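As structure tokens, the structure follows; a few thoughts come after it.
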Amino acid sequence: MFREKVSREKLLDFLSSQPRCTVAMEACASAHYWGREISQLGHEVRLIAPIYVKPYVKRQKNDAADAEGICEAAQRPTMRFVAVKTEEQQARGMRFRTRDLLVRQRTQTINALRGHLAEYGVTAAQGPAHVGRLAMAVEDPDSGLPEPVRELGGLLLAQIAEFEVKIAGLDEELNACARQDEEAVRLMTIPGIGPVTAMALQAFAPPMESFQRGRDFSAWLGLVPRQHTTGGKPRLGKTSKMGQRDLRRLLITGAMTVVRWAARRRVTTDPWLARMLARKPRMLIAVALANRMARIVWALTTKRESYRVPAAA
């Protein structure tokens, strides 16, 4: 009906003067903030993933072509939209991403220290659990390390210790929030899901009621096989990985913990897992179990129930 360029400062004033309508936007940076603000004006907000807008953009990319593509995509009857997140959800997501960033920085610092000391014959296995061996070499004046190396190594060790304190503080906050949240307590009854994964599910996942079945939620996470069906012949490939990467990674990590524990003890109360362990490699089992866990999450959330151990056949 009209084409008009509006600055960021004047956008809300412009929309407040318009009659109630549907406002469509790409689900990109700050889109949830604008979605909340525009919803307060009485408009219906629809966020669309950029990958779904791209097919409707004609030829070269510019602001006008993007806006036209968004309008066209928003009118499709089968288009899928992104739910607008609340401030509380985004705060939970920020806590998780801050912890994830600190863990990555701690890993980078540990690897840097391992690499530097390896040049002087001091080696240690990967992981935070083996930093003590490096610390002993740095703090020992008779270790044979040059004095500048020991000083710089101490600087890196202090940085690692600071990361440990910050990560432990965030873990305490996550554990406290998980214990007080009824939904998180219900999710933590599932083997392989702890406080971090439970809180991440609440921060990043849309309302479970928006999915018709557990498989839809699993597909949203990217844990289902990629399809290449043609001519009525179904062809399934590798895992699609087209979804929320943080939740997918956490579910696979938790599933791998369950698989390793069951393989080490050679006993499990889950008959499905026992059959899989007898004939499939562990990584494949972990991905399949993560898919199964995602469906269980959907079932427990929608039915308001706790996890029950499967009965042996």
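Following the order of the structure tokens, chains are lettered A, B, ..., residues in each are numbered from 1, and ligands are numbered from 1.
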
message: Among region 81-266 of chain A, which residues does DSSP mark as strand (DSSP E) when it is run on the backbone? Keep the chain and numbering as in the structure and answer as JSON, numbers by chain.
response: {"A": [225, 226, 227, 236, 237, 238, 239]}

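Ranking A:Gly154, A:Glu72, A:Tyr307, A:Thr123 by their shortest atom-to-atom distance to Val185 (chain A), with only C-alpha atoms included, puts A:Tyr307 first.
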
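Closest approach to Arg304 (chain A) from the set A:Val53, A:Tyr120, A:Glu182, A:Phe204 is made by A:Glu182, with distances taken over only C-alpha atoms.
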
query: Neighbours of region 93-95 of chain A within 7 Å (only C-alpha atoms; same-chain residues fewer than 2 positions away dropped), as number ranges by chain?
result: A: 89-91, 97-99, 200, 203-204
